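Shown below: start-v1.cif, with mmCIF, C-alpha atoms and all ligand atoms.
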data_run
#
loop_
_atom_site.label_atom_id
_atom_site.label_comp_id
_atom_site.auth_asym_id
_atom_site.auth_seq_id
_atom_site.Cartn_x
_atom_site.Cartn_y
_atom_site.Cartn_z
CA MET A 1 9.24 -7.65 19.59
CA THR A 2 8.32 -11.03 18.16
CA LYS A 3 10.78 -13.80 17.38
CA ALA A 4 11.97 -13.87 13.79
CA ILE A 5 11.66 -16.69 11.28
CA HIS A 6 12.72 -16.85 7.65
CA ILE A 7 10.62 -18.17 4.80
CA GLY A 8 13.16 -18.41 2.02
CA SER A 9 14.59 -14.90 1.74
CA VAL A 10 11.71 -13.22 3.58
CA ARG A 11 12.15 -12.43 7.26
CA ILE A 12 8.98 -12.49 9.35
CA GLY A 13 8.85 -11.00 12.83
CA GLY A 14 11.75 -9.54 14.77
CA GLY A 15 10.94 -6.04 13.54
CA ALA A 16 10.96 -6.96 9.82
CA PRO A 17 8.48 -5.10 7.59
CA VAL A 18 5.04 -6.72 7.57
CA SER A 19 4.94 -9.02 4.53
CA VAL A 20 2.06 -9.75 2.16
CA GLN A 21 0.98 -13.29 1.35
CA SER A 22 -1.51 -14.85 -0.97
CA MET A 23 -2.54 -18.32 -2.03
CA THR A 24 -2.89 -19.75 -5.50
CA ASN A 25 -6.31 -21.01 -6.55
CA THR A 26 -5.05 -23.13 -9.43
CA ASP A 27 -4.72 -26.90 -9.17
CA THR A 28 -1.16 -27.25 -7.83
CA ARG A 29 -0.74 -30.31 -10.07
CA ASP A 30 -1.27 -28.07 -13.08
CA ILE A 31 2.27 -26.73 -13.08
CA PRO A 32 2.02 -24.20 -15.97
CA ALA A 33 -1.18 -22.64 -14.58
CA THR A 34 0.24 -22.47 -11.06
CA VAL A 35 3.54 -20.99 -12.24
CA ALA A 36 1.66 -18.37 -14.27
CA GLN A 37 -0.41 -17.37 -11.26
CA ILE A 38 2.62 -17.22 -8.95
CA ARG A 39 4.34 -14.95 -11.45
CA ALA A 40 1.28 -12.68 -11.58
CA LEU A 41 1.23 -12.55 -7.77
CA THR A 42 4.95 -11.77 -7.67
CA ALA A 43 4.51 -8.99 -10.24
CA ALA A 44 1.75 -7.49 -8.08
CA GLY A 45 4.15 -7.29 -5.12
CA CYS A 46 3.42 -10.50 -3.21
CA ASP A 47 6.15 -11.57 -0.76
CA ILE A 48 5.16 -15.21 -0.10
CA VAL A 49 2.82 -17.62 -1.91
CA ARG A 50 0.98 -20.57 -0.40
CA LEU A 51 -0.08 -23.60 -2.40
CA ALA A 52 -2.71 -26.20 -1.54
CA VAL A 53 -1.15 -29.66 -1.37
CA ILE A 54 -4.07 -31.99 -1.80
CA ASP A 55 -2.26 -35.18 -2.78
CA GLU A 56 1.14 -36.68 -3.55
CA ASP A 57 1.19 -35.36 -7.11
CA ALA A 58 0.55 -31.84 -5.83
CA ALA A 59 3.39 -32.19 -3.32
CA LYS A 60 5.79 -33.44 -5.98
CA SER A 61 4.79 -30.62 -8.37
CA ILE A 62 6.41 -28.15 -5.99
CA ALA A 63 9.87 -29.13 -7.25
CA ALA A 64 9.05 -28.04 -10.81
CA ILE A 65 7.11 -24.97 -9.65
CA ARG A 66 10.04 -23.83 -7.52
CA LYS A 67 12.41 -24.03 -10.49
CA GLU A 68 10.17 -21.69 -12.49
CA THR A 69 9.48 -19.11 -9.77
CA SER A 70 11.51 -16.90 -7.46
CA ILE A 71 9.16 -16.26 -4.54
CA PRO A 72 9.16 -18.28 -1.27
CA LEU A 73 6.55 -21.05 -1.34
CA VAL A 74 4.50 -22.42 1.56
CA ALA A 75 2.80 -25.82 1.38
CA ASP A 76 -0.69 -25.88 2.86
CA ILE A 77 -1.27 -29.28 4.45
CA HIS A 78 -4.47 -30.75 5.81
CA PHE A 79 -5.18 -34.25 7.12
CA ASP A 80 -2.17 -36.14 5.77
CA HIS A 81 1.21 -35.41 7.35
CA LYS A 82 2.97 -37.44 4.64
CA LEU A 83 2.17 -34.67 2.19
CA ALA A 84 4.20 -32.32 4.39
CA LEU A 85 7.17 -34.68 4.15
CA LEU A 86 6.86 -34.88 0.36
CA ALA A 87 6.51 -31.10 0.04
CA MET A 88 9.71 -30.61 2.03
CA GLU A 89 11.49 -33.15 -0.15
CA ALA A 90 10.28 -31.16 -3.17
CA GLY A 91 11.95 -28.03 -1.80
CA VAL A 92 9.11 -26.01 -0.29
CA HIS A 93 10.28 -23.10 1.89
CA ALA A 94 7.71 -23.45 4.70
CA LEU A 95 4.71 -25.47 5.86
CA ARG A 96 1.30 -24.59 7.13
CA LEU A 97 -0.28 -27.27 9.30
CA ASN A 98 -3.80 -27.23 10.68
CA PRO A 99 -3.89 -28.59 14.25
CA GLY A 100 -7.61 -29.21 13.81
CA ASN A 101 -7.08 -31.96 11.29
CA ILE A 102 -3.61 -33.40 11.90
CA ARG A 103 -4.33 -34.65 15.37
CA ARG A 104 -1.94 -37.57 15.85
CA HIS A 105 0.95 -36.12 17.78
CA GLU A 106 3.32 -38.76 16.42
CA ASP A 107 2.57 -37.55 12.88
CA VAL A 108 3.18 -33.94 13.81
CA LYS A 109 6.44 -34.90 15.51
CA THR A 110 7.65 -36.66 12.37
CA VAL A 111 7.00 -33.52 10.34
CA VAL A 112 8.62 -31.25 12.93
CA ARG A 113 11.80 -33.34 13.09
CA GLU A 114 12.12 -33.26 9.30
CA ALA A 115 11.44 -29.51 9.22
CA ALA A 116 14.10 -28.96 11.89
CA ASP A 117 16.66 -30.93 9.84
CA ARG A 118 15.86 -28.89 6.75
CA GLY A 119 15.58 -25.50 8.50
CA ILE A 120 11.98 -25.08 7.39
CA PRO A 121 9.55 -23.03 9.51
CA ILE A 122 6.01 -24.16 10.26
CA ARG A 123 2.85 -22.12 10.62
CA VAL A 124 0.35 -23.44 13.12
CA GLY A 125 -2.82 -22.35 11.35
CA VAL A 126 -5.85 -22.43 13.62
CA ASN A 127 -9.17 -21.81 11.87
CA ALA A 128 -12.46 -21.45 13.71
CA GLY A 129 -14.17 -23.64 11.12
CA SER A 130 -11.85 -26.60 11.56
CA LEU A 131 -11.26 -26.51 15.28
CA ASP A 132 -11.22 -29.95 16.92
CA ARG A 133 -14.82 -29.79 18.16
CA ALA A 134 -14.38 -32.86 20.35
CA ARG A 135 -11.94 -30.85 22.48
CA TYR A 136 -13.09 -27.31 21.86
CA ARG A 137 -16.81 -26.85 21.46
CA GLU A 138 -16.84 -23.21 20.46
CA PRO A 139 -14.22 -21.16 18.61
CA THR A 140 -13.79 -18.69 21.46
CA PRO A 141 -10.52 -16.75 21.62
CA GLU A 142 -9.46 -18.92 24.57
CA ASN A 143 -10.14 -22.14 22.65
CA MET A 144 -8.41 -20.88 19.51
CA VAL A 145 -5.29 -20.04 21.51
CA ALA A 146 -5.51 -23.37 23.36
CA ALA A 147 -5.61 -25.20 20.02
CA ALA A 148 -2.48 -23.36 18.91
CA ARG A 149 -0.84 -24.06 22.26
CA ASP A 150 -1.21 -27.84 21.77
CA HIS A 151 0.97 -27.78 18.68
CA ILE A 152 3.33 -25.11 19.94
CA THR A 153 4.05 -27.13 23.10
CA LEU A 154 4.63 -30.26 21.07
CA MET A 155 7.07 -28.41 18.81
CA GLU A 156 8.86 -26.69 21.67
CA ASP A 157 9.28 -30.05 23.41
CA LEU A 158 11.21 -31.15 20.32
CA GLY A 159 13.33 -27.99 20.49
CA PHE A 160 11.60 -26.51 17.44
CA THR A 161 10.91 -22.78 17.56
CA ALA A 162 10.75 -21.74 13.88
CA ILE A 163 7.05 -21.24 14.46
CA LYS A 164 4.50 -18.80 13.12
CA VAL A 165 0.88 -18.83 14.19
CA SER A 166 -2.43 -17.76 12.71
CA LEU A 167 -5.78 -17.58 14.47
CA LYS A 168 -8.49 -16.93 11.93
CA THR A 169 -12.24 -16.66 12.21
CA SER A 170 -14.75 -15.11 9.83
CA SER A 171 -15.64 -12.59 12.55
CA VAL A 172 -13.76 -9.31 12.79
CA THR A 173 -14.08 -9.01 16.55
CA GLY A 174 -13.43 -12.72 17.13
CA THR A 175 -10.24 -12.62 15.08
CA ILE A 176 -8.99 -9.53 16.88
CA ALA A 177 -9.76 -11.00 20.31
CA ALA A 178 -8.00 -14.31 19.54
CA ASN A 179 -4.86 -12.61 18.25
CA ARG A 180 -4.75 -10.13 21.13
CA LEU A 181 -5.01 -12.99 23.60
CA PHE A 182 -2.28 -14.94 21.83
CA ARG A 183 0.03 -11.95 21.90
CA THR A 184 -0.28 -11.71 25.71
CA LYS A 185 1.04 -15.28 25.97
CA TYR A 186 3.54 -15.83 23.15
CA ASP A 187 6.06 -13.90 21.12
CA TYR A 188 5.95 -16.07 18.01
CA PRO A 189 5.25 -14.10 14.84
CA LEU A 190 1.61 -13.85 13.82
CA HIS A 191 0.15 -14.31 10.36
CA LEU A 192 -3.04 -12.23 10.29
CA GLY A 193 -6.14 -12.86 8.27
CA VAL A 194 -9.91 -13.05 8.41
CA THR A 195 -10.98 -16.35 6.96
CA GLU A 196 -13.88 -16.78 4.54
CA ALA A 197 -13.98 -13.00 4.33
CA GLY A 198 -16.11 -13.06 1.20
CA THR A 199 -15.94 -11.35 -2.15
CA LEU A 200 -13.97 -8.20 -2.81
CA ARG A 201 -16.24 -5.69 -1.08
CA SER A 202 -16.93 -7.71 2.09
CA SER A 203 -13.35 -8.83 2.41
CA LEU A 204 -11.89 -5.38 2.01
CA ILE A 205 -14.11 -4.06 4.78
CA LYS A 206 -13.70 -7.01 7.13
CA SER A 207 -9.99 -7.42 6.55
CA SER A 208 -9.21 -3.72 6.78
CA ALA A 209 -11.17 -3.43 10.02
CA ALA A 210 -9.62 -6.50 11.66
CA LEU A 211 -6.09 -6.30 10.33
CA GLY A 212 -6.00 -2.51 10.57
CA ALA A 213 -6.93 -2.57 14.24
CA MET A 214 -4.37 -5.23 15.08
CA LEU A 215 -1.54 -3.81 12.98
CA LEU A 216 -1.97 -0.40 14.58
CA GLU A 217 -1.57 -2.09 17.97
CA GLY A 218 1.67 -3.63 16.73
CA ILE A 219 0.13 -7.10 16.36
CA GLY A 220 0.91 -8.96 13.15
CA ASP A 221 4.02 -9.80 11.17
CA THR A 222 2.61 -11.01 7.87
CA ILE A 223 -0.87 -10.73 6.37
CA ARG A 224 -3.20 -12.35 3.90
CA ILE A 225 -6.39 -10.67 2.78
CA SER A 226 -8.62 -13.57 1.71
CA ILE A 227 -10.86 -12.67 -1.21
CA THR A 228 -13.20 -14.91 -3.17
CA GLY A 229 -11.81 -14.22 -6.63
CA ASP A 230 -8.49 -13.44 -8.28
CA PRO A 231 -5.69 -13.75 -5.69
CA VAL A 232 -3.87 -10.84 -7.34
CA GLU A 233 -6.57 -8.67 -5.72
CA GLU A 234 -5.44 -10.00 -2.34
CA VAL A 235 -1.92 -8.77 -2.95
CA ILE A 236 -3.03 -5.36 -4.17
CA ALA A 237 -5.29 -5.01 -1.13
CA GLY A 238 -2.59 -6.18 1.27
CA ARG A 239 0.01 -3.81 -0.06
CA ARG A 240 -2.38 -0.90 -0.02
CA LEU A 241 -3.50 -1.61 3.52
CA LEU A 242 0.11 -1.61 4.74
CA GLN A 243 0.78 1.56 2.76
CA TYR A 244 -2.23 3.37 4.20
CA LEU A 245 -1.24 2.31 7.72
CA SER A 246 2.27 3.68 7.05
CA LEU A 247 3.75 0.24 7.74
CA ARG A 248 5.35 -0.07 4.32
CA ASP A 249 6.40 2.60 1.92
CA GLU A 250 6.65 1.18 -1.55
CA PRO A 251 6.36 2.78 -4.93
CA MET A 252 2.82 2.43 -6.23
CA VAL A 253 0.28 4.44 -8.18
CA GLU A 254 -2.46 5.93 -6.05
CA ILE A 255 -5.64 6.87 -7.87
CA ILE A 256 -7.48 9.67 -6.08
CA SER A 257 -11.03 10.04 -7.36
CA CYS A 258 -13.83 12.26 -6.12
CA PRO A 259 -17.13 10.73 -5.01
CA THR A 260 -19.00 12.74 -7.72
CA CYS A 261 -21.98 14.93 -6.86
CA GLY A 262 -24.61 17.19 -8.40
CA ARG A 263 -21.85 19.26 -10.04
CA THR A 264 -20.41 16.27 -11.92
CA THR A 265 -20.12 16.98 -15.64
CA ALA A 266 -18.30 13.82 -16.72
CA ALA A 267 -18.79 10.29 -15.40
CA ILE A 268 -15.55 9.08 -13.88
CA GLU A 269 -16.26 5.72 -12.22
CA ASP A 270 -15.28 3.68 -15.27
CA ILE A 271 -12.18 5.80 -15.87
CA ALA A 272 -11.01 5.55 -12.25
CA SER A 273 -11.63 1.78 -12.20
CA GLU A 274 -9.77 1.20 -15.45
CA LEU A 275 -6.82 3.29 -14.31
CA GLU A 276 -6.71 1.41 -11.02
CA ARG A 277 -6.69 -1.91 -12.86
CA ARG A 278 -4.04 -0.87 -15.39
CA THR A 279 -1.71 0.67 -12.80
CA ALA A 280 -2.08 -2.00 -10.10
CA GLY A 281 1.29 -3.67 -10.68
CA LEU A 282 3.34 -0.56 -11.46
CA ARG A 283 6.23 0.16 -9.11
CA VAL A 284 6.32 3.94 -9.33
CA ARG A 285 5.36 6.53 -6.72
CA LEU A 286 2.65 8.62 -8.37
CA THR A 287 -0.71 10.11 -7.49
CA VAL A 288 -3.29 10.50 -10.22
CA ALA A 289 -6.43 12.53 -9.53
CA VAL A 290 -9.67 11.76 -11.37
CA MET A 291 -12.23 14.51 -10.72
CA GLY A 292 -15.76 14.94 -11.98
CA CYS A 293 -15.91 18.71 -12.55
CA VAL A 294 -13.92 21.86 -13.06
CA VAL A 295 -15.22 23.53 -9.90
CA ASN A 296 -13.13 21.63 -7.37
CA GLY A 297 -11.34 19.30 -9.78
CA PRO A 298 -8.42 21.41 -11.05
CA GLY A 299 -7.03 22.16 -7.59
CA GLU A 300 -6.83 18.47 -6.66
CA ALA A 301 -5.68 17.53 -10.16
CA ARG A 302 -2.77 20.00 -10.03
CA HIS A 303 -1.86 18.88 -6.53
CA ALA A 304 -1.39 15.29 -7.80
CA ASP A 305 1.34 14.26 -10.25
CA PHE A 306 -1.25 13.97 -12.99
CA GLY A 307 -4.92 14.78 -12.90
CA ILE A 308 -8.04 15.13 -14.97
CA ALA A 309 -11.23 17.10 -14.35
CA GLY A 310 -14.49 16.73 -16.26
CA THR A 311 -15.68 19.72 -18.31
CA GLU A 312 -19.17 20.93 -19.23
CA ASP A 313 -19.18 19.09 -22.58
CA GLY A 314 -18.20 15.74 -21.01
CA SER A 315 -14.57 15.85 -22.12
CA PHE A 316 -11.65 16.24 -19.68
CA LEU A 317 -8.91 18.68 -18.91
CA PHE A 318 -5.56 17.07 -18.19
CA PHE A 319 -3.35 18.75 -15.60
CA GLU A 320 0.31 18.22 -14.90
CA LYS A 321 1.30 20.55 -12.09
CA GLU A 322 1.47 24.14 -13.29
CA GLN A 323 1.60 23.37 -17.01
CA ALA A 324 -1.25 24.63 -19.20
CA PRO A 325 -4.17 22.13 -19.18
CA VAL A 326 -4.67 19.87 -22.20
CA LYS A 327 -8.19 19.10 -23.44
CA LEU A 328 -8.90 15.39 -23.96
CA ALA A 329 -11.83 13.61 -25.63
CA ARG A 330 -13.38 11.17 -23.17
CA ALA A 331 -12.45 8.15 -25.32
CA ASP A 332 -8.76 9.14 -25.31
CA THR A 333 -8.43 10.00 -21.65
CA VAL A 334 -7.34 6.68 -20.13
CA ASP A 335 -4.76 5.93 -22.85
CA PHE A 336 -3.38 9.46 -22.59
CA LEU A 337 -2.98 9.13 -18.83
CA MET A 338 -1.45 5.67 -19.12
CA ASN A 339 1.14 6.98 -21.58
CA ARG A 340 2.16 9.66 -19.07
CA ILE A 341 2.16 7.19 -16.17
CA ASN A 342 4.21 4.60 -18.07
CA ALA A 343 6.68 7.27 -19.17
CA ALA A 344 7.10 8.32 -15.54
CA ALA A 345 7.51 4.68 -14.49
CA ASN A 346 10.28 4.14 -17.07
CA ARG A 347 12.16 7.33 -16.28
S1 LIG B 401 -14.75 17.34 -7.69
FE1 LIG B 401 -16.60 18.27 -8.50
S2 LIG B 401 -17.84 16.50 -9.12
FE2 LIG B 401 -16.29 15.70 -7.74
S3 LIG B 401 -17.29 15.74 -5.75
FE3 LIG B 401 -16.12 17.64 -5.93
S4 LIG B 401 -17.59 19.15 -6.70
FE4 LIG B 401 -18.51 17.11 -7.05
#
Target encoding structure tokens, full file:
Amino acid sequence: MTKAIHIGSVRIGGGAPVSVQSMTNTDTRDIPATVAQIRALTAAGCDIVRLAVIDEDAAKSIAAIRKETSIPLVADIHFDHKLALLAMEAGVHALRLNPGNIRRHEDVKTVVREAADRGIPIRVGVNAGSLDRARYREPTPENMVAAARDHITLMEDLGFTAIKVSLKTSSVTGTIAANRLFRTKYDYPLHLGVTEAGTLRSSLIKSSAALGAMLLEGIGDTIRISITGDPVEEVIAGRRLLQYLSLRDEPMVEIISCPTCGRTTAAIEDIASELERRTAGLRVRLTVAVMGCVVNGPGEARHADFGIAGTEDGSFLFFEKEQAPVKLARADTVDFLMNRINAAANR
């Protein structure tokens, strides 16, 4: 079992449930926009939010952002260790430092001493793209772990062990190999992610492959699925991945939809997508089946909590267990389903 750390109220490692993180993509200095995005991430089920701290104003903004939000906040620091000091003064719950670009050990020590005084954990975030190339020519698993070791040793020498580590590359196999190697040497909790994973489709495939493989081996204590786009998607993807791996069991709406085929009588892609979007943040345990025909559709639709199956004239039949089916015009189908889903959520 890994060591445990606490980021605000969230326990990471030590057998705690794997947590889901994301990162805002607003300008941290724009407090209203950042608060709004943190609230959206929280509503989607995020456990921890990271903020880019690009200058002193961004660091100081954390104080106001913290007052308006309830979720633990992590300050992401590159290059300038003074920003880490300011972020801690502003009340941030944790830090992420990049060993590749805060190289002066004296600077790191100053941050570590302050973090120790304040009881703030630090993530050593090693990224293949920002590895210190003077010391490590290639981002091999061995070099990634060695880069983490530099900072870990420095922290341990100061008696600091509230450490979490990430080893991220944009390669699925490279990320898995680096994290596996790390786990053979250290028992600090691991933050998993594939960096620069791309837009939604690429990231879902890469992240699910890499994180899925590691999580099933028992490697990984907290995750971020990096997606180019709305960070709320990262949270939805992270929660679903943990759900599908049976690592978390939280109320959520699962949309089951058939792949469609030559028997399809009603197009369902737009309906399934809209339902997925509108139910993404709902905390209720429901399955909703969206099926393209009445050959195989009704069986699956009745098996779910709610279901629809396309009919010959392009309309839908709505099923709720063994009750008599209700015919729905295509245009009314999503709203009808959402009414039933929301009623179940508010029961
Ligand atoms: S439910 Fe009907 S439309 Fe969908 S894949 Fe099965 S047979 Fe084809």
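For the residues A:Arg39, A:Arg183, A:His81, A:Arg239, ranking by smallest atom-to-atom distance to A:Gly218 using only C-alpha atoms places A:Arg183 first.
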Q. Please, which residues have at least one atom within 7 Å of an atom of ligand LIG 401 (chain B), using all atoms listed in the file, listed as a PyMOL selection string?
A. chain A and resi 258-265+291-297
Q.
Need the shell around stretch 161-176 of chain A: protein/DNA/RNA residues with any atom at most 8 Å away, counting only C-alpha atoms. Skip same-chain ones fewer than 6 positions apart. Format as a PyMOL selection string?
A. chain A and resi 4-5+120-129+140-141+144-145+148+152+155+188-197+206-207+209-211+213-214
Would you mind exporting the chosen residues as a PDB file, in the coordinates of the input, restricted to C-alpha atoms?
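Generated output (out_33.pdb):
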ATOM      1  CA  ALA A   4      11.970 -13.870  13.790  1.00  0.00           C
ATOM      2  CA  ILE A   5      11.660 -16.690  11.280  1.00  0.00           C
ATOM      3  CA  ILE A 120      11.980 -25.080   7.390  1.00  0.00           C
ATOM      4  CA  PRO A 121       9.550 -23.030   9.510  1.00  0.00           C
ATOM      5  CA  ILE A 122       6.010 -24.160  10.260  1.00  0.00           C
ATOM      6  CA  ARG A 123       2.850 -22.120  10.620  1.00  0.00           C
ATOM      7  CA  VAL A 124       0.350 -23.440  13.120  1.00  0.00           C
ATOM      8  CA  GLY A 125      -2.820 -22.350  11.350  1.00  0.00           C
ATOM      9  CA  VAL A 126      -5.850 -22.430  13.620  1.00  0.00           C
ATOM     10  CA  ASN A 127      -9.170 -21.810  11.870  1.00  0.00           C
ATOM     11  CA  ALA A 128     -12.460 -21.450  13.710  1.00  0.00           C
ATOM     12  CA  GLY A 129     -14.170 -23.640  11.120  1.00  0.00           C
ATOM     13  CA  THR A 140     -13.790 -18.690  21.460  1.00  0.00           C
ATOM     14  CA  PRO A 141     -10.520 -16.750  21.620  1.00  0.00           C
ATOM     15  CA  MET A 144      -8.410 -20.880  19.510  1.00  0.00           C
ATOM     16  CA  VAL A 145      -5.290 -20.040  21.510  1.00  0.00           C
ATOM     17  CA  ALA A 148      -2.480 -23.360  18.910  1.00  0.00           C
ATOM     18  CA  ILE A 152       3.330 -25.110  19.940  1.00  0.00           C
ATOM     19  CA  MET A 155       7.070 -28.410  18.810  1.00  0.00           C
ATOM     20  CA  TYR A 188       5.950 -16.070  18.010  1.00  0.00           C
ATOM     21  CA  PRO A 189       5.250 -14.100  14.840  1.00  0.00           C
ATOM     22  CA  LEU A 190       1.610 -13.850  13.820  1.00  0.00           C
ATOM     23  CA  HIS A 191       0.150 -14.310  10.360  1.00  0.00           C
ATOM     24  CA  LEU A 192      -3.040 -12.230  10.290  1.00  0.00           C
ATOM     25  CA  GLY A 193      -6.140 -12.860   8.270  1.00  0.00           C
ATOM     26  CA  VAL A 194      -9.910 -13.050   8.410  1.00  0.00           C
ATOM     27  CA  THR A 195     -10.980 -16.350   6.960  1.00  0.00           C
ATOM     28  CA  GLU A 196     -13.880 -16.780   4.540  1.00  0.00           C
ATOM     29  CA  ALA A 197     -13.980 -13.000   4.330  1.00  0.00           C
ATOM     30  CA  LYS A 206     -13.700  -7.010   7.130  1.00  0.00           C
ATOM     31  CA  SER A 207      -9.990  -7.420   6.550  1.00  0.00           C
ATOM     32  CA  ALA A 209     -11.170  -3.430  10.020  1.00  0.00           C
ATOM     33  CA  ALA A 210      -9.620  -6.500  11.660  1.00  0.00           C
ATOM     34  CA  LEU A 211      -6.090  -6.300  10.330  1.00  0.00           C
ATOM     35  CA  ALA A 213      -6.930  -2.570  14.240  1.00  0.00           C
ATOM     36  CA  MET A 214      -4.370  -5.230  15.080  1.00  0.00           C
TER      37      MET A 214
END
Q.
One decimal, in Å: what's the spacing between atom CA of A:Asp132 and atom CA of A:Gly100?
A.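 These atoms are spaced 4.8 Å apart.
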Q) What separation in Å, quoted to one decimal, exists between atom CA of A:Leu86 and atom CA of A:Ala134? A)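 Atom CA of A:Ala134 lies at a distance of 29.2 Å from atom CA of A:Leu86.
Across the model, the gap from atom CA of A:Ile268 to atom CA of A:Arg283 is 24.0 Å.
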Q | From A:Leu154, A:Ile48, A:Leu328, A:Ile31, residue lying nearest A:Arg104 [only C-alpha atoms] | A | A:Leu154
**Q.** Given all atoms listed in the file as the counted atoms, nearest of A:Ser203, A:Gln243, A:Thr311, A:Ser273 to A:Ile225
**A.** A:Ser203
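Closest approach to A:Met252 from the set A:Ala304, A:Ala44, A:Ala90, A:Ala178 is made by A:Ala44, with distances taken over all atoms listed in the file.
Counting only C-alpha atoms and comparing A:Val235, A:Ala59, A:Leu181, A:Leu242, the residue that lies closest to A:Thr42 is A:Val235.
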**Q.** Minimum-distance residue to A:Gly159, chosen among A:Arg137, A:Val253, A:Ile71, A:Asp117 (using all atoms listed in the file)
**A.** A:Asp117
Q: Counting all atoms listed in the file, find the residues whose atoms lie at most 12 Å from (3.8, 3.4, -14.3) (file coordinates) and write them out as an MDAnalysis selection string.
A: chainID A and resid 251:255 275:288 305:306 337:347
(Q) Could you check which residues have any atom within 12 Å of (6.2, -9.0, -3.3), counting all atoms listed in the file with coordinates taken straight from the file, and then list them as a PyMOL selection string? (A) chain A and resi 9-10+17-22+38-49+70-72+222+232+234-236+238-239+248+250-251+281+283
Could you model all heavy atoms for stretch 93-98 of chain A and present them as a compact mmCIF listing (two decimals), in the coordinates of the input?
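Written file, out31.txt:
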# COMPACT_ATOMS: atom_id res chain seq x y z
N HIS A 93 9.55 -23.94 0.93
CA HIS A 93 10.28 -23.10 1.89
C HIS A 93 9.67 -23.11 3.28
O HIS A 93 10.33 -22.75 4.25
CB HIS A 93 10.33 -21.65 1.40
CG HIS A 93 11.03 -21.50 0.09
ND1 HIS A 93 10.38 -21.52 -1.12
CD2 HIS A 93 12.33 -21.33 -0.19
CE1 HIS A 93 11.26 -21.36 -2.10
NE2 HIS A 93 12.45 -21.25 -1.57
N ALA A 94 8.38 -23.45 3.39
CA ALA A 94 7.71 -23.45 4.70
C ALA A 94 6.46 -24.31 4.61
O ALA A 94 5.98 -24.64 3.52
CB ALA A 94 7.35 -22.04 5.13
N LEU A 95 5.94 -24.65 5.79
CA LEU A 95 4.71 -25.47 5.86
C LEU A 95 3.65 -24.72 6.64
O LEU A 95 3.96 -23.94 7.54
CB LEU A 95 4.98 -26.77 6.61
CG LEU A 95 5.97 -27.75 6.02
CD1 LEU A 95 6.19 -28.88 7.03
CD2 LEU A 95 5.45 -28.32 4.69
N ARG A 96 2.41 -25.00 6.29
CA ARG A 96 1.30 -24.59 7.13
C ARG A 96 0.54 -25.85 7.51
O ARG A 96 0.08 -26.61 6.64
CB ARG A 96 0.38 -23.63 6.37
CG ARG A 96 -0.76 -23.10 7.20
CD ARG A 96 -2.01 -23.90 6.99
NE ARG A 96 -3.03 -23.55 7.97
CZ ARG A 96 -4.33 -23.59 7.74
NH1 ARG A 96 -4.78 -23.99 6.59
NH2 ARG A 96 -5.17 -23.29 8.67
N LEU A 97 0.46 -26.11 8.80
CA LEU A 97 -0.28 -27.27 9.30
C LEU A 97 -1.51 -26.79 10.05
O LEU A 97 -1.47 -25.77 10.72
CB LEU A 97 0.58 -28.10 10.27
CG LEU A 97 1.92 -28.63 9.79
CD1 LEU A 97 2.55 -29.45 10.91
CD2 LEU A 97 1.77 -29.49 8.54
N ASN A 98 -2.57 -27.56 9.96
CA ASN A 98 -3.80 -27.23 10.68
C ASN A 98 -3.96 -28.20 11.85
O ASN A 98 -4.22 -29.39 11.64
CB ASN A 98 -4.98 -27.35 9.71
CG ASN A 98 -6.28 -26.90 10.36
OD1 ASN A 98 -6.43 -26.97 11.57
ND2 ASN A 98 -7.20 -26.43 9.54
